[in-house]
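J.: If it helps, the file is called my_file.pdb and holds PDB, C-alpha atoms, pLDDT in the B column:
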ATOM      1  CA  MET X 354      70.755 108.353  82.880  1.00 87.00           C
ATOM      2  CA  GLU X 355      68.180 111.144  83.089  1.00 88.00           C
ATOM      3  CA  LYS X 356      66.859 109.842  86.425  1.00 91.00           C
ATOM      4  CA  LEU X 357      70.385 109.548  87.813  1.00 93.00           C
ATOM      5  CA  ALA X 358      71.237 113.059  86.597  1.00 93.00           C
ATOM      6  CA  GLU X 359      68.109 114.413  88.283  1.00 94.00           C
ATOM      7  CA  ASP X 360      68.914 112.626  91.538  1.00 93.00           C
ATOM      8  CA  GLN X 361      72.517 113.867  91.524  1.00 94.00           C
ATOM      9  CA  GLY X 362      71.694 117.428  90.440  1.00 95.00           C
ATOM     10  CA  CYS X 363      73.845 117.295  87.321  1.00 95.00           C
ATOM     11  CA  THR X 364      73.549 116.748  83.571  1.00 94.00           C
ATOM     12  CA  VAL X 365      73.697 113.536  81.559  1.00 93.00           C
ATOM     13  CA  TYR X 366      76.872 114.901  79.944  1.00 94.00           C
ATOM     14  CA  MET X 367      78.575 115.038  83.341  1.00 96.00           C
ATOM     15  CA  ILE X 368      77.610 111.414  84.071  1.00 96.00           C
ATOM     16  CA  LEU X 369      78.880 110.198  80.697  1.00 96.00           C
ATOM     17  CA  LEU X 370      82.144 112.152  81.057  1.00 96.00           C
ATOM     18  CA  ALA X 371      82.671 110.881  84.615  1.00 97.00           C
ATOM     19  CA  THR X 372      82.082 107.312  83.441  1.00 97.00           C
ATOM     20  CA  TYR X 373      84.530 107.730  80.569  1.00 96.00           C
ATOM     21  CA  SER X 374      87.155 109.101  82.961  1.00 97.00           C
ATOM     22  CA  ILE X 375      86.644 106.111  85.263  1.00 97.00           C
ATOM     23  CA  LEU X 376      87.017 103.727  82.340  1.00 96.00           C
ATOM     24  CA  LEU X 377      90.256 105.390  81.208  1.00 95.00           C
ATOM     25  CA  SER X 378      91.548 105.252  84.777  1.00 95.00           C
ATOM     26  CA  LYS X 379      90.766 101.544  85.007  1.00 93.00           C
ATOM     27  CA  TYR X 380      92.545 100.775  81.744  1.00 92.00           C
ATOM     28  CA  SER X 381      95.583 102.994  82.365  1.00 92.00           C
ATOM     29  CA  GLY X 382      96.021 102.602  86.118  1.00 92.00           C
ATOM     30  CA  GLN X 383      96.171 106.399  86.448  1.00 93.00           C
ATOM     31  CA  GLU X 384      94.080 108.561  88.772  1.00 95.00           C
ATOM     32  CA  ASP X 385      94.791 111.830  86.954  1.00 95.00           C
ATOM     33  CA  VAL X 386      92.819 111.849  83.699  1.00 95.00           C
ATOM     34  CA  ILE X 387      92.526 114.653  81.137  1.00 94.00           C
ATOM     35  CA  VAL X 388      89.839 114.421  78.463  1.00 95.00           C
ATOM     36  CA  GLY X 389      89.300 116.996  75.735  1.00 92.00           C
ATOM     37  CA  THR X 390      85.777 118.077  74.866  1.00 91.00           C
ATOM     38  CA  PRO X 391      84.419 120.614  72.366  1.00 87.00           C
ATOM     39  CA  ILE X 392      82.056 123.364  73.456  1.00 81.00           C
ATOM     40  CA  ALA X 393      79.970 125.762  71.407  1.00 66.00           C
ATOM     41  CA  GLY X 394      81.584 129.190  71.344  1.00 53.00           C
ATOM     42  CA  ARG X 395      78.436 131.287  70.848  1.00 47.00           C
ATOM     43  CA  THR X 396      78.358 132.808  74.311  1.00 51.00           C
ATOM     44  CA  HIS X 397      77.512 136.283  73.028  1.00 49.00           C
ATOM     45  CA  ALA X 398      74.117 137.175  71.564  1.00 50.00           C
ATOM     46  CA  ASP X 399      75.821 139.000  68.676  1.00 52.00           C
ATOM     47  CA  LEU X 400      77.173 135.666  67.391  1.00 46.00           C
ATOM     48  CA  GLU X 401      73.865 133.793  67.266  1.00 52.00           C
ATOM     49  CA  ALA X 402      72.949 134.916  63.724  1.00 53.00           C
ATOM     50  CA  LEU X 403      76.438 134.485  62.263  1.00 46.00           C
ATOM     51  CA  LEU X 404      77.388 131.515  60.112  1.00 42.00           C
ATOM     52  CA  GLY X 405      80.530 129.505  60.757  1.00 40.00           C
ATOM     53  CA  MET X 406      82.229 127.406  63.395  1.00 42.00           C
ATOM     54  CA  PHE X 407      82.419 128.943  66.860  1.00 44.00           C
ATOM     55  CA  VAL X 408      83.831 126.031  68.828  1.00 60.00           C
ATOM     56  CA  ASN X 409      86.430 125.990  71.568  1.00 75.00           C
ATOM     57  CA  THR X 410      88.122 123.003  73.200  1.00 82.00           C
ATOM     58  CA  LEU X 411      88.123 122.394  76.935  1.00 88.00           C
ATOM     59  CA  ALA X 412      90.596 120.163  78.750  1.00 88.00           C
ATOM     60  CA  MET X 413      88.605 118.382  81.480  1.00 93.00           C
ATOM     61  CA  ARG X 414      91.019 117.228  84.194  1.00 94.00           C
ATOM     62  CA  ASN X 415      89.552 114.938  86.834  1.00 96.00           C
ATOM     63  CA  TYR X 416      90.874 112.610  89.507  1.00 97.00           C
ATOM     64  CA  PRO X 417      89.030 109.257  89.648  1.00 97.00           C
ATOM     65  CA  ALA X 418      90.795 107.995  92.784  1.00 96.00           C
ATOM     66  CA  SER X 419      89.861 104.432  93.677  1.00 94.00           C
ATOM     67  CA  GLU X 420      88.688 105.263  97.224  1.00 96.00           C
ATOM     68  CA  LYS X 421      86.069 107.763  96.038  1.00 97.00           C
ATOM     69  CA  THR X 422      82.468 106.758  95.548  1.00 97.00           C
ATOM     70  CA  PHE X 423      80.897 107.487  92.189  1.00 97.00           C
ATOM     71  CA  GLU X 424      78.704 110.142  93.813  1.00 97.00           C
ATOM     72  CA  GLU X 425      81.771 111.890  95.217  1.00 97.00           C
ATOM     73  CA  PHE X 426      83.609 111.718  91.925  1.00 97.00           C
ATOM     74  CA  LEU X 427      80.575 112.914  89.968  1.00 97.00           C
ATOM     75  CA  SER X 428      80.294 115.908  92.304  1.00 97.00           C
ATOM     76  CA  GLU X 429      83.911 116.798  91.485  1.00 97.00           C
ATOM     77  CA  VAL X 430      83.307 116.360  87.754  1.00 97.00           C
ATOM     78  CA  LYS X 431      80.277 118.650  88.011  1.00 96.00           C
ATOM     79  CA  LYS X 432      82.278 121.332  89.860  1.00 96.00           C
ATOM     80  CA  ASN X 433      85.168 121.146  87.391  1.00 94.00           C
ATOM     81  CA  ALA X 434      82.829 121.251  84.395  1.00 93.00           C
ATOM     82  CA  LEU X 435      80.999 124.327  85.678  1.00 93.00           C
ATOM     83  CA  GLN X 436      84.332 126.092  86.272  1.00 91.00           C
ATOM     84  CA  ALA X 437      85.455 125.132  82.769  1.00 89.00           C
ATOM     85  CA  TYR X 438      82.226 126.539  81.283  1.00 87.00           C
ATOM     86  CA  GLU X 439      82.844 129.835  83.073  1.00 86.00           C
ATOM     87  CA  ASN X 440      86.238 130.076  81.375  1.00 80.00           C
ATOM     88  CA  GLN X 441      85.267 128.613  78.008  1.00 78.00           C
ATOM     89  CA  ASP X 442      86.013 131.841  76.126  1.00 76.00           C
ATOM     90  CA  TYR X 443      89.692 131.617  77.008  1.00 74.00           C
ATOM     91  CA  PRO X 444      91.451 130.595  73.748  1.00 73.00           C
ATOM     92  CA  PHE X 445      92.818 127.050  73.880  1.00 72.00           C
ATOM     93  CA  GLU X 446      95.943 127.959  71.899  1.00 75.00           C
ATOM     94  CA  GLU X 447      96.724 130.815  74.279  1.00 78.00           C
ATOM     95  CA  LEU X 448      96.370 128.440  77.232  1.00 76.00           C
ATOM     96  CA  VAL X 449      98.887 126.044  75.668  1.00 74.00           C
ATOM     97  CA  GLU X 450     101.332 128.891  75.040  1.00 79.00           C
ATOM     98  CA  LYS X 451     101.080 130.129  78.636  1.00 83.00           C
ATOM     99  CA  LEU X 452     101.693 126.620  79.973  1.00 78.00           C
ATOM    100  CA  ASN X 453     104.844 126.524  77.811  1.00 78.00           C
ATOM    101  CA  ILE X 454     104.274 122.907  76.822  1.00 75.00           C
ATOM    102  CA  PRO X 455     106.668 121.438  74.205  1.00 76.00           C
ATOM    103  CA  ARG X 456     104.736 121.173  70.934  1.00 72.00           C
ATOM    104  CA  ASP X 457     104.524 118.167  68.651  1.00 72.00           C
ATOM    105  CA  ARG X 458     102.483 118.747  65.499  1.00 70.00           C
ATOM    106  CA  SER X 459     101.442 115.101  65.445  1.00 67.00           C
ATOM    107  CA  ARG X 460      99.801 115.244  68.899  1.00 70.00           C
ATOM    108  CA  ASN X 461      97.522 117.419  70.988  1.00 71.00           C
ATOM    109  CA  PRO X 462      99.578 119.131  73.712  1.00 71.00           C
ATOM    110  CA  LEU X 463      97.155 118.502  76.594  1.00 78.00           C
ATOM    111  CA  PHE X 464      95.256 115.277  75.958  1.00 83.00           C
ATOM    112  CA  ASP X 465      95.174 112.170  73.778  1.00 89.00           C
ATOM    113  CA  THR X 466      91.482 111.377  74.030  1.00 93.00           C
ATOM    114  CA  MET X 467      88.261 113.264  73.301  1.00 92.00           C
ATOM    115  CA  PHE X 468      84.682 112.967  74.516  1.00 95.00           C
ATOM    116  CA  VAL X 469      81.930 114.427  72.323  1.00 93.00           C
ATOM    117  CA  LEU X 470      78.224 114.558  73.194  1.00 92.00           C
ATOM    118  CA  GLU X 471      75.708 115.503  70.506  1.00 87.00           C
ATOM    119  CA  ASN X 472      72.140 116.260  71.524  1.00 79.00           C
ATOM    120  CA  LEU X 473      69.972 115.549  68.494  1.00 67.00           C
ATOM    121  CA  GLY X 474      66.758 116.786  70.099  1.00 60.00           C
ATOM    122  CA  ALA X 475      63.321 115.215  70.115  1.00 48.00           C
ATOM    123  CA  GLU X 476      62.718 115.956  66.452  1.00 44.00           C
ATOM    124  CA  ALA X 477      65.724 113.879  65.380  1.00 42.00           C
ATOM    125  CA  GLN X 478      63.872 110.588  65.837  1.00 42.00           C
ATOM    126  CA  GLU X 479      60.432 109.415  64.793  1.00 43.00           C
ATOM    127  CA  ASP X 480      60.154 106.843  67.576  1.00 42.00           C
ATOM    128  CA  ASN X 481      62.121 104.968  70.208  1.00 40.00           C
ATOM    129  CA  THR X 482      63.041 102.164  67.815  1.00 37.00           C
ATOM    130  CA  SER X 483      65.043 104.418  65.513  1.00 35.00           C
ATOM    131  CA  SER X 484      68.772 104.065  65.700  1.00 39.00           C
ATOM    132  CA  ILE X 485      71.288 106.897  65.963  1.00 38.00           C
ATOM    133  CA  ALA X 486      74.867 106.546  64.802  1.00 45.00           C
ATOM    134  CA  PRO X 487      77.342 109.430  65.053  1.00 47.00           C
ATOM    135  CA  ASP X 488      79.115 110.103  61.772  1.00 48.00           C
ATOM    136  CA  TYR X 489      82.712 109.433  62.766  1.00 48.00           C
ATOM    137  CA  GLN X 490      83.570 107.271  59.744  1.00 55.00           C
ATOM    138  CA  GLN X 491      86.948 108.812  58.953  1.00 57.00           C
ATOM    139  CA  THR X 492      90.131 107.258  57.656  1.00 63.00           C
ATOM    140  CA  ILE X 493      92.437 109.254  59.931  1.00 69.00           C
ATOM    141  CA  ALA X 494      92.064 109.380  63.718  1.00 67.00           C
ATOM    142  CA  LYS X 495      92.857 112.850  65.066  1.00 77.00           C
ATOM    143  CA  PHE X 496      93.279 111.445  68.580  1.00 80.00           C
ATOM    144  CA  ASP X 497      94.418 108.146  70.041  1.00 89.00           C
ATOM    145  CA  LEU X 498      90.848 107.576  71.189  1.00 93.00           C
ATOM    146  CA  LEU X 499      87.591 109.468  70.722  1.00 93.00           C
ATOM    147  CA  LEU X 500      84.195 108.586  72.177  1.00 95.00           C
ATOM    148  CA  GLY X 501      81.241 110.263  70.495  1.00 93.00           C
ATOM    149  CA  ILE X 502      77.738 109.854  71.901  1.00 93.00           C
ATOM    150  CA  SER X 503      74.477 111.020  70.334  1.00 90.00           C
ATOM    151  CA  VAL X 504      71.386 111.530  72.463  1.00 86.00           C
ATOM    152  CA  GLY X 505      67.961 111.397  70.836  1.00 79.00           C
ATOM    153  CA  LYS X 506      64.422 110.560  71.805  1.00 76.00           C
ATOM    154  CA  GLY X 507      64.500 107.516  74.051  1.00 76.00           C
ATOM    155  CA  GLN X 508      67.954 106.335  73.028  1.00 84.00           C
ATOM    156  CA  MET X 509      71.657 107.040  73.160  1.00 87.00           C
ATOM    157  CA  SER X 510      74.237 105.562  70.834  1.00 89.00           C
ATOM    158  CA  GLY X 511      77.966 105.907  70.636  1.00 91.00           C
ATOM    159  CA  ALA X 512      80.985 105.282  68.455  1.00 91.00           C
ATOM    160  CA  PHE X 513      84.651 104.913  69.277  1.00 93.00           C
ATOM    161  CA  GLN X 514      87.169 106.303  66.825  1.00 91.00           C
ATOM    162  CA  TYR X 515      90.692 105.058  67.487  1.00 92.00           C
ATOM    163  CA  CYS X 516      94.228 104.892  66.188  1.00 89.00           C
ATOM    164  CA  THR X 517      94.774 101.504  64.574  1.00 89.00           C
ATOM    165  CA  ARG X 518      98.490 101.613  65.309  1.00 88.00           C
ATOM    166  CA  LEU X 519      97.672 101.548  69.018  1.00 89.00           C
ATOM    167  CA  PHE X 520      94.522  99.469  69.403  1.00 90.00           C
ATOM    168  CA  LYS X 521      93.024  96.287  68.014  1.00 91.00           C
ATOM    169  CA  LYS X 522      89.330  96.165  67.168  1.00 92.00           C
ATOM    170  CA  SER X 523      88.858  93.461  69.812  1.00 92.00           C
ATOM    171  CA  MET X 524      90.094  95.857  72.487  1.00 91.00           C
ATOM    172  CA  ILE X 525      87.764  98.626  71.358  1.00 93.00           C
ATOM    173  CA  ASP X 526      84.862  96.160  71.369  1.00 93.00           C
ATOM    174  CA  ARG X 527      85.734  95.337  74.947  1.00 92.00           C
ATOM    175  CA  LEU X 528      86.114  99.021  75.804  1.00 93.00           C
ATOM    176  CA  ALA X 529      82.577  99.685  74.547  1.00 93.00           C
ATOM    177  CA  LYS X 530      81.162  96.804  76.602  1.00 93.00           C
ATOM    178  CA  ASP X 531      83.029  97.944  79.702  1.00 94.00           C
ATOM    179  CA  TYR X 532      81.731 101.496  79.255  1.00 94.00           C
ATOM    180  CA  VAL X 533      78.149 100.242  79.198  1.00 92.00           C
ATOM    181  CA  GLN X 534      78.894  97.999  82.181  1.00 92.00           C
ATOM    182  CA  VAL X 535      80.186 100.938  84.237  1.00 94.00           C
ATOM    183  CA  LEU X 536      77.085 102.957  83.320  1.00 93.00           C
ATOM    184  CA  GLU X 537      74.886 100.099  84.507  1.00 92.00           C
ATOM    185  CA  ASP X 538      76.859  99.728  87.743  1.00 92.00           C
ATOM    186  CA  ILE X 539      76.748 103.373  88.737  1.00 94.00           C
ATOM    187  CA  SER X 540      73.070 103.656  87.749  1.00 92.00           C
ATOM    188  CA  GLN X 541      72.165 100.830  90.100  1.00 92.00           C
ATOM    189  CA  GLU X 542      74.556 101.808  92.896  1.00 94.00           C
ATOM    190  CA  PRO X 543      75.808 105.430  92.728  1.00 95.00           C
ATOM    191  CA  SER X 544      77.407 105.059  96.166  1.00 95.00           C
ATOM    192  CA  LYS X 545      79.737 102.288  94.944  1.00 95.00           C
ATOM    193  CA  LYS X 546      83.435 102.998  95.341  1.00 96.00           C
ATOM    194  CA  LEU X 547      85.380 103.291  92.114  1.00 96.00           C
ATOM    195  CA  LYS X 548      87.748 100.513  93.190  1.00 94.00           C
ATOM    196  CA  ASP X 549      84.779  98.142  93.377  1.00 94.00           C
ATOM    197  CA  ILE X 550      83.929  98.621  89.703  1.00 90.00           C
ATOM    198  CA  ASN X 551      85.787  95.629  88.310  1.00 79.00           C
ATOM    199  CA  LEU X 552      86.835  95.174  84.689  1.00 79.00           C
ATOM    200  CA  GLN X 553      88.707  92.284  83.134  1.00 62.00           C
ATOM    201  CA  PRO X 554      92.355  93.116  82.374  1.00 51.00           C
ATOM    202  CA  VAL X 555      93.118  94.092  78.784  1.00 47.00           C
ATOM    203  CA  SER X 556      96.271  95.072  76.928  1.00 48.00           C
ATOM    204  CA  LYS X 557      97.056  97.573  74.194  1.00 46.00           C
ATOM    205  CA  SER X 558      98.301  96.317  70.862  1.00 43.00           C
ATOM    206  CA  LYS X 559      98.810  97.460  67.315  1.00 42.00           C
ATOM    207  CA  SER X 560      96.377  96.975  64.445  1.00 41.00           C
ATOM    208  CA  LEU X 561      94.237  98.679  61.710  1.00 41.00           C
ATOM    209  CA  ALA X 562      91.742 101.384  63.004  1.00 45.00           C
ATOM    210  CA  LYS X 563      88.085 102.041  62.399  1.00 52.00           C
ATOM    211  CA  SER X 564      85.012 103.245  64.224  1.00 54.00           C
ATOM    212  CA  VAL X 565      83.124 100.793  66.410  1.00 57.00           C
ATOM    213  CA  GLU X 566      79.481 101.628  67.127  1.00 57.00           C
ATOM    214  CA  PHE X 567      77.384 100.489  70.050  1.00 55.00           C
ATOM    215  CA  VAL X 568      73.890 101.179  71.357  1.00 55.00           C
ATOM    216  CA  PHE X 569      72.713 101.186  74.957  1.00 50.00           C
TER
END
Show this structure as C-alpha cells.
T.:
Amino acid sequence: MEKLAEDQGCTVYMILLATYSILLSKYSGQEDVIVGTPIAGRTHADLEALLGMFVNTLAMRNYPASEKTFEEFLSEVKKNALQAYENQDYPFEELVEKLNIPRDRSRNPLFDTMFVLENLGAEAQEDNTSSIAPDYQQTIAKFDLLLGISVGKGQMSGAFQYCTRLFKKSMIDRLAKDYVQVLEDISQEPSKKLKDINLQPVSKSKSLAKSVEFVF
C-alpha cells in the first residue's frame, strides 16, 4: 500500500477509501457512492492543548464508474479528499440544514456507511508479528456498515461493524475477503479498469450483527 501510494502521489488512506468505494459500487450496482469519514477538528494551534473531542464528519462522494481505471478513479478520490480537507471546518449539521434534507433520527441524512482509518504509529507495536484489532465491539451499529482499519508497524488490520437486521455474518465475511482481493488486484495492476475487477454475486439478508475482524 505504501509503495502504491508513493507511486500514485497520494496517501494510503486515499487508496483504502477508493477501494472501499469500489467494493460498495460492485455490491450495490451504483456508480455514485457516498462514504462518511471522521476527521480531527484541531486545525487551529489554539486547540492543540485543549482536552475533548474535536472531530468533524466529512461526506466523501465519489463516482467509481466501471469504465475508469483504478488510477483514474484514485486521482479523483485524491482531488475530492483534498477539497474536503480544505472545507473540513464547515459544520456537518449546518451543511445538512442548508441542503434541506428530510431528517430521520434513526439514520444519517447523507450516508449509510462509514470508513475510519486509525494510524497507531510505530510505537504501537513491538514487532511485525503483533496483531492490531480496532475496538469496534459494540452492541448497537450506528450505521448500516462501518469499516475501521488500524495501521501500525508493518501491518494493517480491519473490522466491519454492521447492522444485523440487514446483513448475515457470511456476507460480511465475504465482504472482507472481497475487500482484500480488490486491494491485491489494484496493487498488482493499478491501470486495471474497475469493470474488470470481478467479484462473485452476493445478496443482502437479515440476521444478528457483530464485528468481523480480518488481517491483511
J.: Given the point (86.0, 102.0, 90.6) in the coordinates of this file, which residues lie within 10 Å, counting all atoms listed in the file, and how would they look as an MDAnalysis selection string?
T.: chainID X and resid 372 375:376 378:379 417:423 535 538:539 545:552
J.: Which of these residues is nearest to Asn440 in chain X, using all atoms listed in the file: X:Ile368, X:Ala412, X:Leu427, X:Leu452?
T.: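 Result for the nearest residue to Asn440 in chain X: X:Ala412.
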J.: Using all atoms listed in the file, determine which residues lie at most 12 Å from Thr364 in chain X, disregarding the query and same-chain residues fewer than 2 positions distant; provide the list as a ChimeraX atom specification.
T.: /X:354-362,366-371,427-428,430-432,434-435,470
J.: May I ask for the distance between CA of Leu411 in chain X and CA of Thr466 in chain X, given in Å to one decimal place?
T.: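 Spanning CA of Leu411 in chain X to CA of Thr466 in chain X is a straight-line distance of 11.9 Å.
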J.: Restricting the calculation to all atoms listed in the file, which member of X:Phe426, X:Tyr380, X:Phe464, X:Glu450 is positioned closest to Thr410 in chain X?
T.: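 The closest residue to Thr410 in chain X is X:Phe464.
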J.: Separation of CA of Glu447 in chain X and CA of Ile392 in chain X, in Å?
T.: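 The value is 16.5 Å.
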J.: Pick the closest to Arg458 in chain X from X:Asn472, X:Lys495, X:Asp385, X:Lys522: which is it, counting only C-alpha atoms?
T.: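 Distance minimum relative to Arg458 in chain X lands on X:Lys495.
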J.: Between CA of Arg414 in chain X and CA of Gly389 in chain X, what is the distance, to one decimal in Å?
T.: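 Interatomic distance, CA of Arg414 in chain X to CA of Gly389 in chain X: 8.6 Å.
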J.: For the file shown, what are the residues hit by the PyMOL selection byres ((chain X and resi 391) around 12), laid out as a list in words?
T.: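 Given this file, the PyMOL selection byres ((chain X and resi 391) around 12) evaluates to Val388, Gly389, Thr390, Ile392, Ala393, Gly394, Met406, Phe407, Val408, Asn409, Thr410, Leu411, Ala412, Met413, Ala437, Tyr438, Gln441, Asp442, Phe445, Thr466, Met467, Phe468, Val469, Leu470, Glu471, Leu499 and Gly501 of chain X.
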J.: Selection from above, C-alpha atoms, as a PDB file, in the frame of the given file, can you write it?
T.:
ATOM      1  CA  VAL X 388      89.839 114.421  78.463  1.00 95.00           C
ATOM      2  CA  GLY X 389      89.300 116.996  75.735  1.00 92.00           C
ATOM      3  CA  THR X 390      85.777 118.077  74.866  1.00 91.00           C
ATOM      4  CA  ILE X 392      82.056 123.364  73.456  1.00 81.00           C
ATOM      5  CA  ALA X 393      79.970 125.762  71.407  1.00 66.00           C
ATOM      6  CA  GLY X 394      81.584 129.190  71.344  1.00 53.00           C
ATOM      7  CA  MET X 406      82.229 127.406  63.395  1.00 42.00           C
ATOM      8  CA  PHE X 407      82.419 128.943  66.860  1.00 44.00           C
ATOM      9  CA  VAL X 408      83.831 126.031  68.828  1.00 60.00           C
ATOM     10  CA  ASN X 409      86.430 125.990  71.568  1.00 75.00           C
ATOM     11  CA  THR X 410      88.122 123.003  73.200  1.00 82.00           C
ATOM     12  CA  LEU X 411      88.123 122.394  76.935  1.00 88.00           C
ATOM     13  CA  ALA X 412      90.596 120.163  78.750  1.00 88.00           C
ATOM     14  CA  MET X 413      88.605 118.382  81.480  1.00 93.00           C
ATOM     15  CA  ALA X 437      85.455 125.132  82.769  1.00 89.00           C
ATOM     16  CA  TYR X 438      82.226 126.539  81.283  1.00 87.00           C
ATOM     17  CA  GLN X 441      85.267 128.613  78.008  1.00 78.00           C
ATOM     18  CA  ASP X 442      86.013 131.841  76.126  1.00 76.00           C
ATOM     19  CA  PHE X 445      92.818 127.050  73.880  1.00 72.00           C
ATOM     20  CA  THR X 466      91.482 111.377  74.030  1.00 93.00           C
ATOM     21  CA  MET X 467      88.261 113.264  73.301  1.00 92.00           C
ATOM     22  CA  PHE X 468      84.682 112.967  74.516  1.00 95.00           C
ATOM     23  CA  VAL X 469      81.930 114.427  72.323  1.00 93.00           C
ATOM     24  CA  LEU X 470      78.224 114.558  73.194  1.00 92.00           C
ATOM     25  CA  GLU X 471      75.708 115.503  70.506  1.00 87.00           C
ATOM     26  CA  LEU X 499      87.591 109.468  70.722  1.00 93.00           C
ATOM     27  CA  GLY X 501      81.241 110.263  70.495  1.00 93.00           C
TER      28      GLY X 501
END
J.: Counting all atoms listed in the file, which of X:Ala529, X:Leu463, X:Leu498, X:Leu536 gets nearest to Cys516 in chain X?
T.: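 Closest candidate: X:Leu498.
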J.: Tell me which of X:Ala512, X:Asp465, X:Ser544, X:Lys451 sits closest to Val386 in chain X, counting only C-alpha atoms.
T.: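 Under the stated criterion, the closest residue is X:Asp465.
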J.: Restricting the calculation to all atoms listed in the file, which member of X:Ile454, X:Leu377, X:Val533, X:Ile502 is positioned closest to Tyr416 in chain X?
T.: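 Ranking X:Ile454, X:Leu377, X:Val533, X:Ile502 by distance to Tyr416 in chain X, first place goes to X:Leu377.
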J.: Can you report as JSON the centre and edge lengths in Å, to one decimal, of an axis-aligned box around the listed atoms of range 431-440 of chain X padded with 5 Å on each side?
T.:
{"center_x": 83.3, "center_y": 124.4, "center_z": 85.6, "size_x": 16.0, "size_y": 21.4, "size_z": 18.6}
